[in-house]
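Have a look at target24.json; it's JSON, C-alpha atoms and all ligand atoms:
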[["chain", "number", "residue", "atom", "x", "y", "z"],
["L", 1, "MET", "CA", -128.58, -12.84, 61.65],
["L", 2, "SER", "CA", -127.22, -15.64, 59.51],
["L", 3, "THR", "CA", -125.52, -14.89, 56.26],
["L", 4, "GLN", "CA", -127.13, -16.17, 53.11],
["L", 5, "THR", "CA", -125.10, -16.81, 50.02],
["L", 6, "SER", "CA", -126.25, -17.82, 46.58],
["L", 7, "GLN", "CA", -124.62, -19.37, 43.57],
["L", 8, "THR", "CA", -126.09, -19.40, 40.09],
["L", 9, "ILE", "CA", -125.23, -22.02, 37.51],
["L", 10, "GLN", "CA", -126.15, -21.30, 33.92],
["L", 11, "PHE", "CA", -126.17, -23.81, 31.06],
["L", 12, "PRO", "CA", -126.44, -22.73, 27.42],
["L", 13, "TYR", "CA", -128.62, -24.86, 25.14],
["L", 14, "LYS", "CA", -129.11, -24.78, 21.41],
["L", 15, "ARG", "CA", -131.88, -26.88, 19.95],
["L", 16, "THR", "CA", -133.25, -27.50, 16.51],
["L", 17, "LEU", "CA", -136.88, -26.61, 16.09],
["L", 18, "GLY", "CA", -138.05, -28.93, 13.33],
["L", 19, "PRO", "CA", -140.03, -27.78, 10.28],
["L", 20, "VAL", "CA", -143.30, -26.87, 12.01],
["L", 21, "ILE", "CA", -142.19, -24.87, 15.07],
["L", 22, "GLY", "CA", -139.38, -23.52, 12.88],
["L", 23, "ARG", "CA", -142.02, -22.12, 10.52],
["L", 24, "PHE", "CA", -144.03, -20.70, 13.45],
["L", 25, "PHE", "CA", -140.95, -18.90, 14.82],
["L", 26, "SER", "CA", -139.89, -17.78, 11.33],
["L", 27, "GLU", "CA", -143.30, -16.17, 10.82],
["L", 28, "LEU", "CA", -143.00, -14.38, 14.19],
["L", 29, "THR", "CA", -139.96, -12.50, 12.83],
["L", 30, "ALA", "CA", -142.33, -11.00, 10.21],
["L", 31, "LEU", "CA", -144.89, -10.22, 12.95],
["L", 32, "ARG", "CA", -147.24, -12.98, 11.80],
["L", 33, "ILE", "CA", -148.77, -15.73, 13.91],
["L", 34, "VAL", "CA", -149.60, -18.97, 12.13],
["L", 35, "GLY", "CA", -151.46, -22.09, 13.12],
["L", 36, "ILE", "CA", -151.78, -25.40, 11.30],
["L", 37, "ARG", "CA", -154.90, -26.93, 9.84],
["L", 38, "CYS", "CA", -155.97, -30.07, 11.70],
["L", 39, "GLY", "CA", -159.19, -31.43, 10.20],
["L", 40, "ASP", "CA", -161.68, -28.60, 10.47],
["L", 41, "ARG", "CA", -159.74, -26.89, 13.23],
["L", 42, "VAL", "CA", -156.76, -24.53, 13.35],
["L", 43, "VAL", "CA", -154.19, -25.38, 16.05],
["L", 44, "VAL", "CA", -151.94, -22.61, 17.44],
["L", 45, "PRO", "CA", -149.01, -22.90, 17.96],
["L", 46, "PRO", "CA", -148.84, -25.40, 15.07],
["L", 47, "MET", "CA", -148.07, -29.03, 15.88],
["L", 48, "GLU", "CA", -146.52, -31.76, 13.77],
["L", 49, "TYR", "CA", -149.18, -34.25, 14.80],
["L", 50, "ASP", "CA", -152.92, -34.20, 15.39],
["L", 51, "PRO", "CA", -153.12, -33.88, 19.19],
["L", 52, "GLN", "CA", -156.14, -36.23, 19.26],
["L", 53, "THR", "CA", -155.09, -39.04, 16.93],
["L", 54, "GLY", "CA", -151.32, -38.67, 16.60],
["L", 55, "GLU", "CA", -151.65, -38.56, 12.80],
["L", 56, "GLN", "CA", -149.00, -36.49, 11.09],
["L", 57, "LEU", "CA", -150.44, -33.21, 9.81],
["L", 58, "ALA", "CA", -149.86, -31.77, 6.35],
["L", 59, "GLU", "CA", -148.02, -28.47, 6.53],
["L", 60, "HIS", "CA", -151.03, -26.36, 5.80],
["L", 61, "TYR", "CA", -150.43, -23.13, 7.69],
["L", 62, "VAL", "CA", -153.11, -20.56, 8.45],
["L", 63, "GLU", "CA", -152.42, -17.02, 9.59],
["L", 64, "VAL", "CA", -154.40, -16.16, 12.73],
["L", 65, "GLY", "CA", -154.91, -13.08, 14.91],
["L", 66, "PRO", "CA", -153.05, -11.02, 15.61],
["L", 67, "ALA", "CA", -155.88, -9.92, 17.92],
["L", 68, "GLY", "CA", -157.78, -12.36, 20.08],
["L", 69, "THR", "CA", -159.97, -12.87, 23.11],
["L", 70, "VAL", "CA", -158.91, -13.70, 26.66],
["L", 71, "VAL", "CA", -160.42, -17.05, 27.62],
["L", 72, "SER", "CA", -158.88, -17.41, 31.07],
["L", 73, "TRP", "CA", -156.18, -15.71, 33.11],
["L", 74, "THR", "CA", -154.30, -15.69, 36.38],
["L", 75, "TRP", "CA", -152.67, -12.65, 37.96],
["L", 76, "VAL", "CA", -149.00, -12.62, 39.00],
["L", 77, "PRO", "CA", -148.78, -9.85, 41.63],
["L", 78, "GLU", "CA", -145.10, -10.24, 42.50],
["L", 79, "PRO", "CA", -143.01, -11.30, 39.50],
["L", 80, "GLY", "CA", -139.78, -13.14, 40.26],
["L", 81, "PRO", "CA", -136.53, -13.05, 38.31],
["L", 82, "HIS", "CA", -137.70, -15.93, 36.09],
["L", 83, "HIS", "CA", -140.86, -14.13, 34.94],
["L", 84, "PRO", "CA", -141.10, -12.42, 31.54],
["L", 85, "LEU", "CA", -142.08, -9.00, 32.91],
["L", 86, "ASP", "CA", -140.66, -7.12, 35.88],
["L", 87, "ARG", "CA", -144.04, -5.70, 36.89],
["L", 88, "PRO", "CA", -147.33, -7.38, 37.86],
["L", 89, "PHE", "CA", -148.94, -9.10, 34.89],
["L", 90, "ALA", "CA", -151.31, -11.94, 33.98],
["L", 91, "TYR", "CA", -150.73, -15.27, 32.34],
["L", 92, "ALA", "CA", -153.63, -15.67, 29.95],
["L", 93, "LEU", "CA", -155.09, -18.16, 27.52],
["L", 94, "VAL", "CA", -155.74, -16.12, 24.39],
["L", 95, "LYS", "CA", -157.94, -17.46, 21.60],
["L", 96, "LEU", "CA", -156.56, -15.69, 18.54],
["L", 97, "ASP", "CA", -159.03, -14.77, 15.82],
["L", 98, "GLY", "CA", -159.25, -17.69, 13.42],
["L", 99, "ALA", "CA", -157.76, -20.21, 15.86],
["L", 100, "ASP", "CA", -159.58, -23.07, 17.56],
["L", 101, "THR", "CA", -157.10, -23.51, 20.39],
["L", 102, "ASN", "CA", -155.82, -21.15, 23.05],
["L", 103, "LEU", "CA", -152.32, -19.70, 23.19],
["L", 104, "LEU", "CA", -150.78, -19.35, 26.63],
["L", 105, "HIS", "CA", -149.05, -15.99, 26.81],
["L", 106, "VAL", "CA", -148.43, -12.89, 28.89],
["L", 107, "LEU", "CA", -150.93, -10.10, 29.38],
["L", 108, "ASP", "CA", -149.68, -6.64, 30.29],
["L", 109, "THR", "CA", -152.61, -4.48, 31.33],
["L", 110, "GLY", "CA", -151.18, -2.40, 34.16],
["L", 111, "GLY", "CA", -153.42, -3.82, 36.88],
["L", 112, "GLU", "CA", -155.48, -6.81, 37.92],
["L", 113, "ASP", "CA", -158.73, -4.80, 37.82],
["L", 114, "THR", "CA", -158.23, -4.13, 34.11],
["L", 115, "VAL", "CA", -158.18, -7.82, 33.15],
["L", 116, "SER", "CA", -161.35, -9.68, 32.35],
["L", 117, "THR", "CA", -162.35, -12.86, 30.62],
["L", 118, "GLY", "CA", -163.67, -11.99, 27.17],
["L", 119, "MET", "CA", -161.54, -8.86, 26.81],
["L", 120, "ARG", "CA", -159.97, -8.20, 23.42],
["L", 121, "VAL", "CA", -156.19, -8.13, 23.19],
["L", 122, "ALA", "CA", -153.46, -7.73, 20.58],
["L", 123, "PRO", "CA", -149.71, -8.45, 20.61],
["L", 124, "ARG", "CA", -147.03, -5.97, 21.54],
["L", 125, "TRP", "CA", -144.07, -7.07, 19.45],
["L", 126, "ARG", "CA", -140.44, -6.92, 20.43],
["L", 127, "ALA", "CA", -138.56, -4.10, 18.65],
["L", 128, "GLU", "CA", -136.27, -6.58, 16.85],
["L", 129, "PRO", "CA", -137.90, -10.00, 16.54],
["L", 130, "VAL", "CA", -135.48, -12.94, 16.60],
["L", 131, "GLY", "CA", -137.82, -15.90, 16.12],
["L", 132, "ARG", "CA", -138.87, -16.85, 19.65],
["L", 133, "ILE", "CA", -142.17, -16.93, 21.46],
["L", 134, "ASP", "CA", -141.18, -13.79, 23.36],
["L", 135, "ASP", "CA", -141.03, -11.85, 20.09],
["L", 136, "ILE", "CA", -144.51, -11.16, 21.41],
["L", 137, "GLU", "CA", -143.48, -9.30, 24.57],
["L", 138, "ALA", "CA", -147.04, -9.42, 25.84],
["L", 139, "PHE", "CA", -150.63, -9.06, 24.76],
["L", 140, "VAL", "CA", -152.14, -5.65, 25.49],
["L", 141, "PRO", "CA", -155.77, -4.48, 25.59],
["L", 142, "GLY", "CA", -157.37, -3.53, 22.27],
["L", 143, "GLU", "CA", -157.45, -4.61, 18.66],
["L", 144, "THR", "CA", -154.27, -2.98, 17.41],
["L", 145, "PRO", "CA", -150.83, -4.60, 17.62],
["L", 146, "GLU", "CA", -147.94, -2.48, 18.88],
["L", 147, "GLY", "CA", -144.36, -2.64, 17.70],
["L", 148, "PRO", "CA", -142.09, -2.30, 14.69],
["L", 149, "THR", "CA", -143.00, -2.44, 11.02],
["L", 150, "ALA", "CA", -143.09, -5.96, 9.64],
["L", 151, "GLY", "CA", -140.18, -7.06, 7.44],
["L", 152, "GLU", "CA", -139.42, -10.26, 5.57],
["L", 153, "PRO", "CA", -139.44, -13.42, 7.70],
["L", 154, "ALA", "CA", -136.09, -14.87, 8.76],
["L", 155, "ASP", "CA", -135.44, -18.60, 8.31],
["L", 156, "VAL", "CA", -135.38, -19.72, 11.95],
["L", 157, "ARG", "CA", -134.24, -23.32, 12.46],
["L", 158, "THR", "CA", -132.66, -23.34, 15.91],
["L", 159, "MET", "CA", -133.26, -21.76, 19.24],
["L", 160, "GLU", "CA", -130.71, -20.80, 21.87],
["L", 161, "PHE", "CA", -131.50, -20.31, 25.49],
["L", 162, "PHE", "CA", -129.93, -20.41, 28.92],
["L", 163, "SER", "CA", -131.13, -22.70, 31.65],
["L", 164, "THR", "CA", -130.36, -21.20, 35.03],
["L", 165, "ILE", "CA", -130.49, -22.58, 38.55],
["L", 166, "THR", "CA", -129.71, -20.60, 41.71],
["L", 167, "TYR", "CA", -128.79, -22.23, 45.02],
["L", 168, "THR", "CA", -129.30, -20.23, 48.18],
["L", 169, "ASP", "CA", -127.45, -21.26, 51.32],
["L", 170, "VAL", "CA", -127.53, -20.25, 54.94],
["L", 171, "LEU", "CA", -123.99, -20.37, 56.31],
["L", 172, "SER", "CA", -123.32, -22.72, 59.20],
["L", 173, "PRO", "CA", -121.88, -21.24, 62.43],
["L", 174, "THR", "CA", -118.47, -22.64, 61.43],
["L", 175, "LEU", "CA", -118.63, -20.89, 58.06],
["L", 176, "GLU", "CA", -119.88, -17.68, 59.70],
["L", 177, "ARG", "CA", -116.77, -17.59, 61.90],
["L", 178, "TYR", "CA", -114.58, -18.53, 58.95],
["L", 179, "ALA", "CA", -116.05, -15.73, 56.80],
["L", 180, "ALA", "CA", -115.65, -13.19, 59.62],
["L", 181, "SER", "CA", -111.98, -14.03, 60.03],
["L", 182, "MET", "CA", -111.41, -13.92, 56.26],
["L", 183, "ARG", "CA", -113.04, -10.48, 56.13],
["L", 184, "ALA", "CA", -110.45, -9.43, 58.71],
["L", 185, "GLY", "CA", -107.64, -10.85, 56.56],
["L", 186, "VAL", "CA", -106.89, -13.97, 58.58],
["L", 187, "ILE", "CA", -107.20, -17.52, 57.23],
["L", 188, "THR", "CA", -108.61, -19.57, 60.07],
["L", 189, "GLY", "CA", -108.44, -23.34, 59.94],
["L", 190, "GLN", "CA", -109.71, -26.08, 62.21],
["L", 191, "ARG", "CA", -107.10, -28.58, 63.35],
["L", 192, "CYS", "CA", -108.24, -32.10, 64.15],
["L", 193, "PRO", "CA", -106.90, -33.12, 67.57],
["L", 194, "ARG", "CA", -106.62, -36.76, 66.49],
["L", 195, "CYS", "CA", -104.95, -36.63, 63.05],
["L", 196, "ASP", "CA", -103.57, -33.06, 63.06],
["L", 197, "ARG", "CA", -105.11, -32.32, 59.64],
["L", 198, "VAL", "CA", -106.38, -28.79, 59.10],
["L", 199, "PHE", "CA", -109.69, -27.93, 57.42],
["L", 200, "LEU", "CA", -111.21, -24.67, 56.29],
["L", 201, "GLY", "CA", -114.77, -23.94, 57.38],
["L", 202, "ARG", "CA", -115.85, -27.56, 57.39],
["L", 203, "GLY", "CA", -116.82, -28.16, 61.02],
["L", 204, "TYR", "CA", -115.58, -31.74, 61.19],
["L", 205, "CYS", "CA", -112.62, -33.93, 60.36],
["L", 206, "SER", "CA", -113.63, -36.02, 57.38],
["L", 207, "VAL", "CA", -111.01, -38.67, 58.23],
["L", 208, "ASP", "CA", -111.88, -39.19, 61.89],
["L", 209, "ALA", "CA", -115.54, -38.11, 61.71],
["L", 210, "LEU", "CA", -114.81, -35.79, 64.61],
["L", 211, "ARG", "CA", -116.72, -32.59, 65.19],
["L", 212, "LEU", "CA", -114.50, -29.50, 65.13],
["L", 213, "GLY", "CA", -115.51, -26.29, 66.87],
["L", 214, "PRO", "CA", -114.13, -22.90, 67.86],
["L", 215, "GLU", "CA", -111.71, -24.58, 70.29],
["L", 216, "HIS", "CA", -109.94, -26.22, 67.33],
["L", 217, "GLU", "CA", -109.50, -23.03, 65.35],
["L", 218, "GLU", "CA", -106.19, -21.35, 64.69],
["L", 219, "ALA", "CA", -104.81, -18.70, 62.36],
["L", 220, "LEU", "CA", -102.96, -20.10, 59.36],
["L", 221, "PRO", "CA", -100.21, -18.32, 57.45],
["L", 222, "ASP", "CA", -101.31, -16.50, 54.31],
["L", 223, "HIS", "CA", -98.20, -17.55, 52.44],
["L", 224, "GLY", "CA", -97.16, -20.90, 51.08],
["L", 225, "VAL", "CA", -95.71, -22.95, 48.27],
["L", 226, "VAL", "CA", -97.11, -23.97, 44.88],
["L", 227, "SER", "CA", -97.45, -27.77, 45.05],
["L", 228, "ASN", "CA", -98.94, -28.25, 41.58],
["L", 229, "TYR", "CA", -100.56, -26.26, 38.84],
["L", 230, "THR", "CA", -102.36, -26.51, 35.53],
["L", 231, "ILE", "CA", -102.18, -24.05, 32.67],
["L", 232, "VAL", "CA", -105.58, -23.62, 31.10],
["L", 233, "THR", "CA", -105.84, -22.45, 27.50],
["L", 234, "PRO", "CA", -109.32, -20.93, 27.31],
["L", 235, "THR", "CA", -111.70, -22.00, 24.55],
["L", 236, "PRO", "CA", -114.62, -19.70, 23.85],
["L", 237, "TYR", "CA", -117.90, -20.77, 25.43],
["L", 238, "PRO", "CA", -120.75, -18.74, 26.92],
["L", 239, "GLY", "CA", -119.61, -17.17, 30.16],
["L", 240, "GLN", "CA", -115.88, -17.61, 29.51],
["L", 241, "LYS", "CA", -114.21, -14.29, 30.30],
["L", 242, "GLU", "CA", -110.59, -15.41, 29.97],
["L", 243, "THR", "CA", -108.92, -14.98, 26.61],
["L", 244, "GLU", "CA", -105.28, -15.76, 27.46],
["L", 245, "PRO", "CA", -103.78, -18.91, 29.01],
["L", 246, "PHE", "CA", -104.00, -18.80, 32.79],
["L", 247, "ALA", "CA", -102.90, -21.00, 35.65],
["L", 248, "ARG", "CA", -104.79, -22.67, 38.47],
["L", 249, "ALA", "CA", -102.54, -23.82, 41.27],
["L", 250, "SER", "CA", -102.63, -25.63, 44.57],
["L", 251, "VAL", "CA", -100.91, -23.73, 47.35],
["L", 252, "VAL", "CA", -99.67, -25.54, 50.49],
["L", 253, "LEU", "CA", -99.83, -23.03, 53.31],
["L", 254, "HIS", "CA", -96.39, -22.65, 54.69],
["L", 255, "GLY", "CA", -95.42, -24.90, 57.53],
["L", 256, "ASP", "CA", -98.64, -26.81, 57.24],
["L", 257, "GLU", "CA", -100.27, -29.48, 55.12],
["L", 258, "MET", "CA", -103.32, -27.33, 54.47],
["L", 259, "VAL", "CA", -103.85, -26.94, 50.71],
["L", 260, "VAL", "CA", -105.95, -24.34, 48.97],
["L", 261, "SER", "CA", -106.60, -25.43, 45.42],
["L", 262, "GLN", "CA", -107.78, -23.79, 42.20],
["L", 263, "GLN", "CA", -105.84, -20.64, 43.00],
["L", 264, "GLN", "CA", -104.78, -17.93, 40.65],
["L", 265, "ILE", "CA", -101.08, -17.05, 40.55],
["L", 266, "ILE", "CA", -100.68, -13.40, 39.67],
["L", 267, "GLY", "CA", -97.85, -11.07, 38.83],
["L", 268, "VAL", "CA", -95.89, -13.67, 36.88],
["L", 269, "PRO", "CA", -96.20, -15.08, 33.32],
["L", 270, "VAL", "CA", -97.77, -18.55, 33.37],
["L", 271, "ALA", "CA", -94.61, -19.99, 31.79],
["L", 272, "ASP", "CA", -92.65, -18.95, 34.90],
["L", 273, "ILE", "CA", -94.86, -20.73, 37.43],
["L", 274, "ARG", "CA", -93.01, -23.60, 39.12],
["L", 275, "VAL", "CA", -93.74, -26.31, 41.65],
["L", 276, "GLY", "CA", -91.96, -25.19, 44.82],
["L", 277, "MET", "CA", -92.43, -21.48, 44.11],
["L", 278, "ARG", "CA", -93.09, -19.47, 47.28],
["L", 279, "VAL", "CA", -96.16, -17.25, 47.13],
["L", 280, "LYS", "CA", -98.19, -15.02, 49.42],
["L", 281, "ALA", "CA", -101.86, -14.11, 49.37],
["L", 282, "GLN", "CA", -102.99, -10.95, 47.66],
["L", 283, "TRP", "CA", -106.09, -10.03, 49.64],
["L", 284, "PHE", "CA", -108.87, -7.99, 48.14],
["L", 285, "PRO", "CA", -109.20, -4.57, 49.81],
["L", 286, "GLU", "CA", -111.14, -5.10, 53.06],
["L", 287, "ALA", "CA", -114.25, -3.31, 51.80],
["L", 288, "GLU", "CA", -114.45, -5.65, 48.80],
["L", 289, "ARG", "CA", -114.10, -8.95, 50.65],
["L", 290, "ASN", "CA", -117.27, -11.00, 50.57],
["L", 291, "ALA", "CA", -118.59, -14.44, 51.39],
["L", 292, "ALA", "CA", -120.70, -14.77, 48.24],
["L", 293, "GLU", "CA", -118.80, -17.80, 46.97],
["L", 294, "ILE", "CA", -118.95, -19.75, 50.20],
["L", 295, "SER", "CA", -121.40, -22.62, 50.22],
["L", 296, "SER", "CA", -122.42, -24.91, 53.04],
["L", 297, "LYS", "CA", -122.38, -27.73, 50.51],
["L", 298, "GLY", "CA", -118.63, -27.68, 50.15],
["L", 299, "TRP", "CA", -115.53, -26.63, 51.92],
["L", 300, "GLY", "CA", -114.74, -23.10, 52.87],
["L", 301, "THR", "CA", -113.19, -21.23, 50.03],
["L", 302, "VAL", "CA", -110.86, -18.28, 49.87],
["L", 303, "ALA", "CA", -112.51, -16.88, 46.73],
["L", 304, "GLY", "CA", -114.14, -13.55, 47.46],
["L", 305, "PHE", "CA", -111.39, -12.73, 49.98],
["L", 306, "ILE", "CA", -108.11, -13.51, 48.23],
["L", 307, "GLU", "CA", -107.64, -12.35, 44.68],
["L", 308, "GLY", "CA", -104.69, -14.61, 44.00],
["L", 309, "TRP", "CA", -101.16, -15.44, 45.09],
["L", 310, "VAL", "CA", -98.04, -13.51, 44.16],
["L", 311, "PRO", "CA", -94.47, -14.88, 44.17],
["L", 312, "THR", "CA", -92.45, -13.67, 47.15],
["L", 313, "GLY", "CA", -89.12, -13.90, 45.30],
["L", 314, "GLU", "CA", -87.65, -16.13, 48.02],
["L", 315, "PRO", "CA", -85.74, -19.24, 46.91],
["L", 316, "ASP", "CA", -88.00, -22.15, 45.87],
["L", 317, "GLU", "CA", -88.67, -25.14, 48.08],
["L", 318, "PRO", "CA", -87.25, -28.29, 46.45],
["L", 319, "ALA", "CA", -89.83, -29.40, 43.90],
["L", 320, "GLU", "CA", -89.13, -33.10, 44.58],
["L", 321, "GLN", "CA", -90.95, -33.02, 47.90],
["L", 322, "PHE", "CA", -94.24, -32.29, 46.10],
["L", 323, "MET", "CA", -93.90, -34.97, 43.42],
["L", 324, "ASP", "CA", -95.85, -37.76, 45.13],
["L", 325, "ARG", "CA", -98.82, -35.61, 46.11],
["L", 326, "VAL", "CA", -102.25, -35.43, 44.56],
["L", 327, "PHE", "CA", -102.60, -31.74, 45.44],
["K", 1, "ZN", "ZN", -108.75, -36.00, 62.03]]
Using structure tokens, write down the structure that the file contains.
Ligand SMILES: [Zn+2]
Amino acid sequence: MSTQTSQTIQFPYKRTLGPVIGRFFSELTALRIVGIRCGDRVVVPPMEYDPQTGEQLAEHYVEVGPAGTVVSWTWVPEPGPHHPLDRPFAYALVKLDGADTNLLHVLDTGGEDTVSTGMRVAPRWRAEPVGRIDDIEAFVPGETPEGPTAGEPADVRTMEFFSTITYTDVLSPTLERYAASMRAGVITGQRCPRCDRVFLGRGYCSVDALRLGPEHEEALPDHGVVSNYTIVTPTPYPGQKETEPFARASVVLHGDEMVVSQQQIIGVPVADIRVGMRVKAQWFPEAERNAAEISSKGWGTVAGFIEGWVPTGEPDEPAEQFMDRVF
């Protein structure tokens, strides 16, 4: 069976809400739902402009609901990670009492056979509302809202959220073999018979456009020399776990031109890292080695197998020989 790996990229966003949606979200923190008057109708959620004419609307807010009537719905039998509930639920259009438009929201009834068009529902509020649409966790059957006691509304002007995308890969046969050898603690490279360059898990020579297979594979040393490095001073941002300056280094595997880049140098203060320093791989314990960070979109990587590189204490290679290199 082929190995699948996945990588998730997450971007934080912060956006301003404007006066109208800002008011709507502010009211949610006090467990109130408001619409806006638009001619003789009440539009929920409130909009800044008349959806028919584009005319700007006066900020005349009207409290609606909190109970309402299900106008339409669709059942979600197998929720995915991006869904608001982790159990089967319905997306429903709910016409809140006093509103003339429908609010799209989540309906938590326990089963598909307990949902019906025309049923009465009320919000189940989040325990600590923050001023987002999911302050209403879901609508539930009945007339009575569930949740905490209403407090004073907060002044909500911005909204923060994470946008997430997950890539799933099936490893190529080359990467499968590479991952298997890395699990066993051996770095296996593919040497191009024409140019003698060595590649990790790529399956071809990118210089000669030559396919590389098992016959071109050989074990590489798991020790080498730091050929360059950068010291990164971390700034706080979502997802940043580092708090102290750290180094990312390129390591030329000894006796070869193969470079592994973006490597962690461990067991030495960052100020003591030098070009020419001899290092050896510190492998994760065998049971912890994994191919999760390998992607068919890029080159093979040692992350997931090698924790970092530790100085061997041997005399440095002359730094000058690395000065005219990119990596
Ligand atoms: Zn080549």
Check the smallest atom-to-atom distance from each of L:Arg183, L:His216, L:Arg32, L:Arg41 to ligand ZN 1 (chain K) using only C-alpha atoms and all ligand atoms, then report the winner.
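Checking each of L:Arg183, L:His216, L:Arg32, L:Arg41 against ligand ZN 1 (chain K), counting only C-alpha atoms and all ligand atoms, the winner is L:His216.
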Could the residues that lie within 10 Å of ligand ZN 1 (chain K), counting only C-alpha atoms and all ligand atoms, be listed as a compact mmCIF listing (two decimals) with C-alpha atoms, in the frame of the given file?
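Contents of pocket24.txt, as written:
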# COMPACT_ATOMS: atom_id res chain seq x y z
CA GLN L 190 -109.71 -26.08 62.21
CA ARG L 191 -107.10 -28.58 63.35
CA CYS L 192 -108.24 -32.10 64.15
CA PRO L 193 -106.90 -33.12 67.57
CA ARG L 194 -106.62 -36.76 66.49
CA CYS L 195 -104.95 -36.63 63.05
CA ASP L 196 -103.57 -33.06 63.06
CA ARG L 197 -105.11 -32.32 59.64
CA VAL L 198 -106.38 -28.79 59.10
CA PHE L 199 -109.69 -27.93 57.42
CA TYR L 204 -115.58 -31.74 61.19
CA CYS L 205 -112.62 -33.93 60.36
CA SER L 206 -113.63 -36.02 57.38
CA VAL L 207 -111.01 -38.67 58.23
CA ASP L 208 -111.88 -39.19 61.89
CA ALA L 209 -115.54 -38.11 61.71
CA LEU L 210 -114.81 -35.79 64.61
CA ARG L 211 -116.72 -32.59 65.19
CA LEU L 212 -114.50 -29.50 65.13
Select all residues near (-136.6, -27.1, 11.9) (cut-off 12 Å, inclusive, file coordinates), counting only C-alpha atoms, and output them as a list in words.
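Collected hits near the coordinates: Arg15, Thr16, Leu17, Gly18, Pro19, Val20, Ile21, Gly22, Arg23, Phe24, Phe25, Ser26, Glu48, Asp155, Val156, Arg157, Thr158 and Met159 of chain L.
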Report, in Å with one decimal, the straight-line distance from atom CA of Arg132 of chain L to atom CA of Pro12 of chain L.
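Taking atom CA of Arg132 of chain L as the start and atom CA of Pro12 of chain L as the end point, the length is 15.8 Å.
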Hey, what's within 12 Å of Pro81 of chain L if we count all atoms listed in the file and toss same-chain stuff fewer than 5 positions away? As a list in words, please?
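Within the cut-off, the hits are Asp86, Arg87, Thr164, Ile165 and Thr166 of chain L.
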Pull the closest atom pair for each residue of segment 123-188 of chain L that gets at most 10 Å from segment 88-110 of chain L, along with the distance in Å to one decimal, counting all atoms listed in the file, ordering rows by chain and then ascending residue number, as a Markdown table.
| residue | atom | partner | partner_atom | distance |
| --- | --- | --- | --- | --- |
| L:Pro123 | CA | L:Leu107 | CA | 9.0 |
| L:Arg124 | CA | L:Asp108 | CA | 9.2 |
| L:Ile133 | CA | L:His105 | CA | 8.8 |
| L:Asp134 | CA | L:His105 | CA | 8.9 |
| L:Ile136 | CA | L:His105 | CA | 8.5 |
| L:Glu137 | CA | L:Val106 | CA | 7.5 |
| L:Ala138 | CA | L:Val106 | CA | 4.8 |
| L:Phe139 | CA | L:Leu107 | CA | 4.7 |
| L:Val140 | CA | L:Asp108 | CA | 5.5 |
| L:Pro141 | CA | L:Thr109 | CA | 6.6 |
Have a look at L:Val310, L:Ala127, L:Cys38, L:Val115 and name the one nearest to Pro51 of chain L; count all atoms listed in the file.
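Of L:Val310, L:Ala127, L:Cys38, L:Val115, the one nearest Pro51 of chain L, counting all atoms listed in the file, is L:Cys38.
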Counting all atoms listed in the file, what is within 9 Å of Met182 of chain L, bar same-chain residues fewer than 2 positions away, as a compact mmCIF listing (two decimals) with C-alpha atoms, in the frame of the given file?
# COMPACT_ATOMS: atom_id res chain seq x y z
CA ARG L 177 -116.77 -17.59 61.90
CA TYR L 178 -114.58 -18.53 58.95
CA ALA L 179 -116.05 -15.73 56.80
CA ALA L 180 -115.65 -13.19 59.62
CA ALA L 184 -110.45 -9.43 58.71
CA GLY L 185 -107.64 -10.85 56.56
CA VAL L 186 -106.89 -13.97 58.58
CA ILE L 187 -107.20 -17.52 57.23
CA THR L 188 -108.61 -19.57 60.07
CA ARG L 289 -114.10 -8.95 50.65
CA ASN L 290 -117.27 -11.00 50.57
CA ALA L 291 -118.59 -14.44 51.39
CA VAL L 302 -110.86 -18.28 49.87
CA PHE L 305 -111.39 -12.73 49.98
CA ILE L 306 -108.11 -13.51 48.23
So how far away is atom CA of Ile266 of chain L from atom CA of Thr233 of chain L, in Å?
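Between these atoms lies a distance of 16.0 Å.
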What is the atom CA of Gly276 of chain L to atom CA of Glu314 of chain L distance in Å?
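Going from atom CA of Gly276 of chain L over to atom CA of Glu314 of chain L covers 10.5 Å.
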What are the centre and edge lengths in Å, to one decimal, of the axis-aligned box around all listed atoms of segment 172-183 of chain L with 3 Å added on each side, as AutoDock Vina command-line options?
--center_x -117.4 --center_y -16.6 --center_z 59.3 --size_x 17.9 --size_y 18.2 --size_z 12.3
So that I can see what lies close to Ala154 of chain L, please list as a list in words the residues with an atom at most 10 Å from it, counting all atoms listed in the file and leaving out residues fewer than 4 positions away in the same chain.
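Close residues of Ala154 of chain L: Arg23, Phe25, Ser26, Glu27, Leu28, Thr29, Ala30, Pro129, Val130 and Gly131 of chain L.
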Using only C-alpha atoms: which of L:Trp73, L:Trp283, L:Glu242, L:Pro214 has the shortest distance to Thr117 of chain L
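Ranking L:Trp73, L:Trp283, L:Glu242, L:Pro214 by distance to Thr117 of chain L, first place goes to L:Trp73.
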